[in-house]
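What follows is run.txt (compact mmCIF, C-alpha atoms).
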# COMPACT_ATOMS: atom_id res chain seq x y z
CA MET A 1 0.00 0.00 0.00
CA GLN A 2 1.37 3.36 -1.01
CA PRO A 3 1.13 6.29 1.46
CA VAL A 4 -1.72 8.71 0.85
CA SER A 5 -2.90 11.97 2.38
CA VAL A 6 -6.51 10.88 2.91
CA ILE A 7 -8.44 7.66 3.44
CA THR A 8 -12.22 7.61 3.10
CA PHE A 9 -14.28 4.72 4.46
CA GLY A 10 -17.84 3.65 3.68
CA GLU A 11 -20.10 1.53 1.53
CA ILE A 12 -19.58 1.48 -2.21
CA LEU A 13 -22.93 1.67 -4.00
CA PHE A 14 -24.49 1.56 -7.43
CA ARG A 15 -27.00 4.28 -8.23
CA LEU A 16 -29.68 3.52 -10.79
CA SER A 17 -31.65 6.47 -12.14
CA PRO A 18 -34.66 5.28 -14.16
CA GLU A 19 -35.96 7.25 -17.12
CA TRP A 20 -39.33 5.59 -17.51
CA ALA A 21 -40.39 7.52 -20.58
CA ASN A 22 -37.35 6.22 -22.46
CA HIS A 23 -37.41 2.72 -20.90
CA ARG A 24 -33.83 2.98 -19.68
CA ALA A 25 -31.79 3.70 -16.57
CA ALA A 26 -28.40 5.28 -16.00
CA MET A 27 -26.05 3.51 -13.60
CA TYR A 28 -23.33 5.23 -11.57
CA VAL A 29 -20.73 4.14 -9.05
CA GLY A 30 -20.99 6.13 -5.85
CA GLY A 31 -21.52 6.22 -2.14
CA ALA A 32 -20.91 9.29 0.03
CA GLU A 33 -17.32 8.50 0.97
CA ALA A 34 -16.37 7.39 -2.55
CA ASN A 35 -17.78 10.70 -3.80
CA VAL A 36 -15.50 12.59 -1.40
CA ALA A 37 -12.53 10.57 -2.59
CA ALA A 38 -13.34 11.21 -6.26
CA ALA A 39 -13.33 14.98 -5.79
CA LEU A 40 -10.06 14.87 -3.85
CA GLY A 41 -8.47 12.67 -6.49
CA THR A 42 -9.64 15.02 -9.22
CA TRP A 43 -7.98 17.93 -7.42
CA GLY A 44 -4.64 16.11 -7.14
CA ASP A 45 -4.77 14.92 -3.55
CA SER A 46 -3.53 11.39 -2.89
CA VAL A 47 -6.54 9.47 -1.60
CA ALA A 48 -7.47 5.85 -0.92
CA TYR A 49 -10.92 4.37 -0.41
CA ILE A 50 -11.80 1.48 1.89
CA SER A 51 -14.99 -0.48 1.40
CA LYS A 52 -15.86 -4.13 0.87
CA ALA A 53 -17.05 -5.73 -2.35
CA PRO A 54 -17.49 -9.24 -3.75
CA ASP A 55 -14.58 -10.53 -5.80
CA ASN A 56 -16.19 -10.58 -9.24
CA GLY A 57 -16.06 -8.86 -12.59
CA LEU A 58 -18.67 -6.22 -11.78
CA SER A 59 -16.73 -5.17 -8.69
CA ARG A 60 -13.53 -4.94 -10.73
CA GLN A 61 -15.32 -2.67 -13.20
CA ALA A 62 -16.46 -0.51 -10.28
CA MET A 63 -12.86 -0.32 -9.05
CA ALA A 64 -11.81 0.85 -12.51
CA GLN A 65 -14.30 3.71 -12.22
CA LEU A 66 -12.77 4.72 -8.89
CA GLU A 67 -9.23 4.45 -10.20
CA ALA A 68 -10.16 6.62 -13.19
CA ALA A 69 -10.91 9.34 -10.62
CA ASN A 70 -7.40 8.90 -9.12
CA ILE A 71 -8.66 6.93 -6.11
CA ARG A 72 -6.37 4.19 -4.84
CA THR A 73 -8.21 0.91 -4.25
CA ASP A 74 -5.36 -1.21 -2.87
CA ARG A 75 -6.84 -1.10 0.66
CA MET A 76 -10.22 -2.53 -0.38
CA LEU A 77 -11.67 -5.52 1.46
CA TRP A 78 -12.93 -8.40 -0.67
CA GLY A 79 -15.66 -10.94 -0.02
CA GLY A 80 -19.39 -11.33 0.41
CA ASP A 81 -22.04 -11.55 -2.27
CA ARG A 82 -23.11 -8.14 -3.52
CA ILE A 83 -22.63 -4.40 -3.84
CA GLY A 84 -25.60 -2.44 -2.49
CA ALA A 85 -27.69 -0.20 -4.71
CA TYR A 86 -30.20 2.61 -4.56
CA TYR A 87 -32.76 3.90 -7.01
CA LEU A 88 -33.36 7.62 -7.51
CA GLN A 89 -34.90 9.62 -10.30
CA GLN A 90 -32.36 11.75 -12.15
CA GLY A 91 -32.06 15.21 -10.57
CA ALA A 92 -33.86 14.31 -7.33
CA ASP A 93 -32.37 14.78 -3.87
CA LEU A 94 -31.28 11.82 -1.73
CA LYS A 95 -33.55 13.14 1.01
CA ASN A 96 -36.43 12.74 -1.43
CA ALA A 97 -39.12 10.28 -0.37
CA GLU A 98 -38.75 8.52 -3.73
CA VAL A 99 -35.30 7.08 -2.99
CA VAL A 100 -35.33 3.28 -2.63
CA TYR A 101 -32.42 1.46 -0.99
CA ASP A 102 -31.40 -2.09 -1.83
CA ARG A 103 -28.52 -2.51 0.61
CA LYS A 104 -29.36 -5.49 2.82
CA TYR A 105 -26.82 -8.33 2.75
CA SER A 106 -24.27 -6.19 0.92
CA SER A 107 -20.62 -7.07 1.41
CA PHE A 108 -19.95 -3.88 3.34
CA SER A 109 -22.92 -4.27 5.67
CA GLU A 110 -21.78 -7.76 6.63
CA ILE A 111 -18.25 -6.91 7.77
CA VAL A 112 -17.85 -8.72 11.09
CA PRO A 113 -16.38 -6.81 14.05
CA GLY A 114 -12.99 -8.04 15.19
CA THR A 115 -11.99 -9.47 11.80
CA VAL A 116 -10.06 -6.59 10.18
CA ASP A 117 -6.64 -5.19 11.09
CA TRP A 118 -7.63 -1.52 10.80
CA ASP A 119 -4.27 -0.26 12.06
CA ALA A 120 -2.57 -1.92 9.09
CA LEU A 121 -5.16 -0.66 6.59
CA LEU A 122 -4.83 2.93 7.82
CA ASP A 123 -1.05 2.93 7.72
CA GLY A 124 0.64 5.73 5.81
CA ALA A 125 -2.20 8.27 5.83
CA ASP A 126 -2.86 11.53 7.68
CA TRP A 127 -6.62 12.12 7.36
CA PHE A 128 -9.53 9.72 7.86
CA HIS A 129 -13.06 10.50 6.66
CA TRP A 130 -16.27 8.58 7.33
CA SER A 131 -19.96 9.48 7.42
CA ALA A 132 -23.06 8.80 9.51
CA ILE A 133 -24.49 6.63 6.73
CA SER A 134 -22.31 3.66 7.76
CA PRO A 135 -23.53 3.21 11.36
CA ALA A 136 -27.10 3.55 10.09
CA LEU A 137 -26.92 0.15 8.39
CA ASN A 138 -26.94 -2.22 11.37
CA ALA A 139 -25.44 -2.74 14.83
CA ASN A 140 -22.34 -4.47 13.47
CA ALA A 141 -21.67 -1.57 11.09
CA ALA A 142 -21.84 0.85 14.02
CA GLU A 143 -19.33 -1.29 15.91
CA ILE A 144 -17.08 -1.42 12.84
CA CYS A 145 -17.11 2.39 12.77
CA ARG A 146 -16.00 2.44 16.40
CA GLU A 147 -13.17 -0.01 15.64
CA VAL A 148 -11.82 1.97 12.72
CA LEU A 149 -12.16 5.30 14.55
CA GLU A 150 -10.17 3.95 17.46
CA ALA A 151 -7.48 2.80 15.03
CA ALA A 152 -7.39 6.21 13.32
CA THR A 153 -7.08 7.84 16.73
CA ARG A 154 -4.20 5.56 17.72
CA LYS A 155 -2.42 6.55 14.51
CA GLY A 156 -2.88 10.27 15.19
CA MET A 157 -4.98 10.92 12.08
CA THR A 158 -7.21 13.94 11.63
CA ILE A 159 -10.77 12.56 11.59
CA SER A 160 -13.75 14.10 9.83
CA THR A 161 -17.39 13.08 9.52
CA ASP A 162 -20.48 14.13 7.60
CA LEU A 163 -23.73 13.95 9.59
CA ASN A 164 -25.61 12.43 6.66
CA TYR A 165 -29.12 11.55 7.79
CA ARG A 166 -31.14 9.09 5.74
CA SER A 167 -34.60 8.51 7.20
CA LYS A 168 -35.02 5.20 5.36
CA LEU A 169 -31.96 3.76 7.08
CA TRP A 170 -31.65 3.43 10.88
CA GLN A 171 -34.10 0.51 10.91
CA TYR A 172 -32.39 -1.79 13.44
CA GLY A 173 -33.85 -0.47 16.68
CA LYS A 174 -31.35 2.33 17.34
CA SER A 175 -31.84 6.01 16.69
CA PRO A 176 -28.98 8.24 15.51
CA ARG A 177 -28.80 9.82 18.95
CA ASP A 178 -28.20 6.37 20.46
CA VAL A 179 -25.13 5.84 18.28
CA MET A 180 -23.66 8.99 16.77
CA PRO A 181 -22.57 11.00 19.86
CA ALA A 182 -20.22 8.19 20.93
CA LEU A 183 -18.69 8.08 17.45
CA ALA A 184 -18.52 11.85 16.98
CA GLN A 185 -16.28 12.12 20.03
CA TYR A 186 -13.37 10.90 17.87
CA CYS A 187 -13.80 13.66 15.27
CA HIS A 188 -11.85 16.86 14.71
CA VAL A 189 -14.06 18.10 11.86
CA ILE A 190 -17.86 17.74 11.84
CA MET A 191 -19.93 18.74 8.83
CA GLY A 192 -23.69 18.68 8.21
CA ASN A 193 -26.49 21.14 8.84
CA ILE A 194 -28.22 22.46 11.94
CA TRP A 195 -31.10 20.01 11.57
CA ALA A 196 -28.76 17.01 11.33
CA ALA A 197 -26.84 18.22 14.38
CA ASP A 198 -30.10 18.14 16.29
CA MET A 199 -31.30 14.82 14.89
CA MET A 200 -28.01 12.97 15.22
CA LEU A 201 -26.09 14.57 18.07
CA GLY A 202 -28.88 16.03 20.20
CA VAL A 203 -27.63 19.59 19.65
CA PRO A 204 -30.82 21.69 19.80
CA ILE A 205 -31.65 24.27 17.15
CA ASN A 206 -32.22 27.86 18.19
CA GLN A 207 -35.87 27.83 17.13
CA GLU A 208 -36.38 31.50 17.91
CA ALA A 209 -33.57 32.45 15.53
CA ILE A 210 -34.92 30.45 12.58
CA ALA A 211 -38.60 31.28 13.16
CA GLY A 212 -38.45 34.22 10.76
CA ASN A 213 -36.93 32.14 7.95
CA THR A 214 -34.22 34.74 7.31
CA LYS A 215 -30.57 34.26 6.43
CA ASP A 216 -29.45 36.27 9.48
CA GLY A 217 -31.56 33.99 11.65
CA TYR A 218 -30.08 30.85 10.13
CA LEU A 219 -26.56 32.18 10.62
CA GLN A 220 -27.35 32.95 14.26
CA ALA A 221 -28.65 29.42 14.75
CA ALA A 222 -25.59 27.98 12.99
CA ARG A 223 -23.22 29.83 15.31
CA ALA A 224 -25.09 28.52 18.37
CA SER A 225 -25.17 24.92 17.10
CA ALA A 226 -21.50 24.94 16.09
CA ALA A 227 -20.44 26.36 19.45
CA ALA A 228 -22.49 23.67 21.19
CA ILE A 229 -20.82 20.93 19.13
CA THR A 230 -17.32 22.11 19.98
CA ALA A 231 -18.30 22.29 23.64
CA GLN A 232 -19.87 18.81 23.63
CA PHE A 233 -17.08 17.15 21.62
CA PRO A 234 -13.73 18.49 22.85
CA LYS A 235 -11.67 17.05 19.98
CA CYS A 236 -13.78 18.91 17.43
CA ASP A 237 -12.37 22.33 16.56
CA ARG A 238 -13.93 22.77 13.11
CA VAL A 239 -17.65 22.67 12.28
CA ALA A 240 -19.27 23.34 8.90
CA PHE A 241 -22.95 23.65 8.05
CA THR A 242 -24.63 23.95 4.66
CA PHE A 243 -27.93 25.61 3.84
CA ARG A 244 -29.79 24.40 0.76
CA PHE A 245 -33.24 25.61 -0.23
CA SER A 246 -35.19 24.57 -3.30
CA ASP A 247 -38.41 25.89 -4.85
CA GLY A 248 -38.53 23.30 -7.62
CA PRO A 249 -36.78 20.40 -9.39
CA THR A 250 -34.07 22.56 -10.95
CA HIS A 251 -33.83 25.37 -8.38
CA ASN A 252 -31.25 25.65 -5.61
CA LEU A 253 -30.28 28.45 -3.21
CA TYR A 254 -27.07 27.63 -1.39
CA TYR A 255 -24.65 29.01 1.19
CA ALA A 256 -22.51 27.54 3.95
CA VAL A 257 -20.67 28.41 7.16
CA TYR A 258 -17.45 27.33 8.84
CA TYR A 259 -16.91 27.70 12.59
CA THR A 260 -13.39 27.55 14.00
CA GLY A 261 -11.51 29.42 16.69
CA GLY A 262 -14.78 30.81 18.02
CA GLU A 263 -15.51 32.63 14.75
CA LEU A 264 -18.15 31.98 12.09
CA TYR A 265 -17.11 32.36 8.46
CA VAL A 266 -19.80 32.60 5.76
CA SER A 267 -19.51 31.67 2.08
CA ARG A 268 -20.94 33.66 -0.79
CA GLN A 269 -24.53 32.77 -1.70
CA TYR A 270 -25.28 30.85 -4.89
CA GLU A 271 -28.57 30.42 -6.70
CA THR A 272 -29.51 28.57 -9.87
CA ASN A 273 -32.55 27.33 -11.79
CA ASP A 274 -30.49 24.87 -13.82
CA VAL A 275 -29.76 21.99 -11.43
CA ILE A 276 -28.81 18.80 -13.27
CA ASP A 277 -27.92 16.40 -10.45
CA ARG A 278 -28.11 17.03 -6.70
CA VAL A 279 -26.49 13.76 -5.62
CA GLY A 280 -23.00 14.27 -4.23
CA SER A 281 -23.23 18.02 -3.63
CA GLY A 282 -22.74 17.61 0.12
CA ASP A 283 -19.90 15.17 -0.49
CA SER A 284 -18.24 17.74 -2.75
CA PHE A 285 -18.54 20.26 0.08
CA MET A 286 -16.88 17.81 2.47
CA ALA A 287 -14.11 17.16 -0.03
CA GLY A 288 -13.63 20.91 -0.38
CA LEU A 289 -13.23 21.24 3.39
CA ILE A 290 -10.64 18.48 3.48
CA HIS A 291 -8.74 19.83 0.48
CA ALA A 292 -8.65 23.35 1.92
CA ASN A 293 -7.36 22.07 5.26
CA LEU A 294 -4.69 19.93 3.59
CA HIS A 295 -3.42 22.93 1.64
CA GLY A 296 -3.43 25.46 4.46
CA LEU A 297 -6.19 27.76 3.25
CA ASP A 298 -7.39 30.29 5.81
CA PRO A 299 -10.93 29.86 7.24
CA GLN A 300 -12.59 32.26 4.79
CA GLN A 301 -10.86 30.65 1.83
CA THR A 302 -11.78 27.23 3.23
CA ILE A 303 -15.50 27.88 3.33
CA GLY A 304 -15.30 29.63 -0.02
CA PHE A 305 -13.66 26.64 -1.70
CA ALA A 306 -15.98 24.11 -0.04
CA ALA A 307 -19.15 25.99 -1.00
CA ALA A 308 -17.99 26.51 -4.58
CA SER A 309 -17.16 22.79 -4.77
CA ALA A 310 -20.67 21.88 -3.68
CA TYR A 311 -22.26 24.30 -6.11
CA THR A 312 -20.35 23.02 -9.14
CA LYS A 313 -21.59 19.47 -8.48
CA LEU A 314 -25.17 20.57 -9.18
CA PHE A 315 -24.26 20.83 -12.87
CA ARG A 316 -22.58 17.43 -13.28
CA THR A 317 -24.38 14.16 -13.93
CA GLY A 318 -23.45 11.18 -11.76
CA ASP A 319 -22.31 10.85 -8.16
CA PHE A 320 -18.74 12.12 -8.65
CA ASN A 321 -17.73 15.77 -8.94
CA LEU A 322 -14.93 15.82 -11.51
CA THR A 323 -14.83 19.62 -11.80
CA PRO A 324 -11.21 20.80 -12.01
CA ARG A 325 -9.82 22.66 -9.02
CA GLU A 326 -9.03 25.68 -11.18
CA THR A 327 -12.68 26.04 -12.16
CA ILE A 328 -13.73 26.00 -8.51
CA THR A 329 -11.07 28.53 -7.55
CA GLN A 330 -12.26 30.86 -10.30
CA MET A 331 -15.84 30.57 -9.04
CA MET A 332 -14.72 31.60 -5.54

Represent the supplied structure as structure tokens.
Amino acid sequence: MQPVSVITFGEILFRLSPEWANHRAAMYVGGAEANVAAALGTWGDSVAYISKAPDNGLSRQAMAQLEAANIRTDRMLWGGDRIGAYYLQQGADLKNAEVVYDRKYSSFSEIVPGTVDWDALLDGADWFHWSAISPALNANAAEICREVLEAATRKGMTISTDLNYRSKLWQYGKSPRDVMPALAQYCHVIMGNIWAADMMLGVPINQEAIAGNTKDGYLQAARASAAAITAQFPKCDRVAFTFRFSDGPTHNLYYAVYYTGGELYVSRQYETNDVIDRVGSGDSFMAGLIHANLHGLDPQQTIGFAAASAYTKLFRTGDFNLTPRETITQMM
């Protein structure tokens, strides 16, 4: 295994986007953490991805898609019977009620605790990224997350997480608040939105601030939630929240904030009526945060790059954001 700057960890997935009128469906390789890795690889960062897949031809073709995005796959786990999938109409949001998951009995979801040498797999890397989607799968997956986070901590890695909330997951008798606070304690960087912080970490939203549905109110609530996270999780010294509002299938209003050192930094605001594909926008934001931190950008530049990264994904089909870094920098 060659040394890399970043390792991302999570379930590799196939996305199928039916086009019923044309009697066809597009198929993409993705998964939140793979999406983060693809953006980082596109921008020239050395990145490896850890998941588990069956040892067959379809999996090898999926690995080729990852490697084409400059993602190293030499730390992959092999075994099991299938790669999970989800079905989502082209252009819809993953939070949309129409998303259908087909992830039971996937290779990743059946990793058994105590069977992987995580210290060896994480060797030669500085940053570890995971997301709240993994512990949503089942109790074993939550325990696997704990194992790998403890290994990353032993190795002194910077650890980041995305508070992805998927209402159709978390079906094994545990709520996010039962699981996520214990895992978030390992993290130095926490990303999500104020609603996810409440749902997953028990960090209450300042309801009075957001009652007026104004940007100033949302920023006030973001500052309060971010401060509460850093107080509740002492290792965490960087918090980022995104705000996405949509009035229709192709509309998006977007801005984001970054809280560090007791200060709140706000991105520029973007708006478009030409959204092509929403999937992976949040992952592009997370990748932008990681990239900016790796390259020593100041806090304002960091949130600027992350927000621009997220925005550019709205205009690319598929799960991966392959927009060149120079394009994103120009947009900032």

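The smallest atom-to-atom distance between Gly44 (chain A) and any of A:Tyr105, A:Leu149, A:Asp298, A:His291, using all atoms listed in the file, is found for A:His291.
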
Distance criterion (all atoms listed in the file): nearest to Met27 (chain A) out of A:Asp216, A:Glu110, A:Glu326, A:Asp319 | A:Asp319

Could you check which of A:Asp81, A:Glu147, A:Asp283, A:Asp237 is closest to Ser109 (chain A), using only C-alpha atoms?
->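 So, comparing all the options, the nearest one is A:Asp81.
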
Proximity to Asp247 (chain A) - best of A:Ala226, A:Val189, A:Val275, A:Leu13, all atoms listed in the file =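 Between A:Ala226, A:Val189, A:Val275, A:Leu13, the residue approaching Asp247 (chain A) most closely is A:Val275.
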
Using all atoms listed in the file, what residues lie at most 8 Å away from (-16.8, 20.8, -3.3) (file coordinates), given as a PyMOL selection string?
-> chain A and resi 39+281-289+305-313+321+328

Computed interatomic separation between CA of Val112 (chain A) and CA of Trp127 (chain A) (Å) =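 Here the two named atoms are 24.0 Å from each other.
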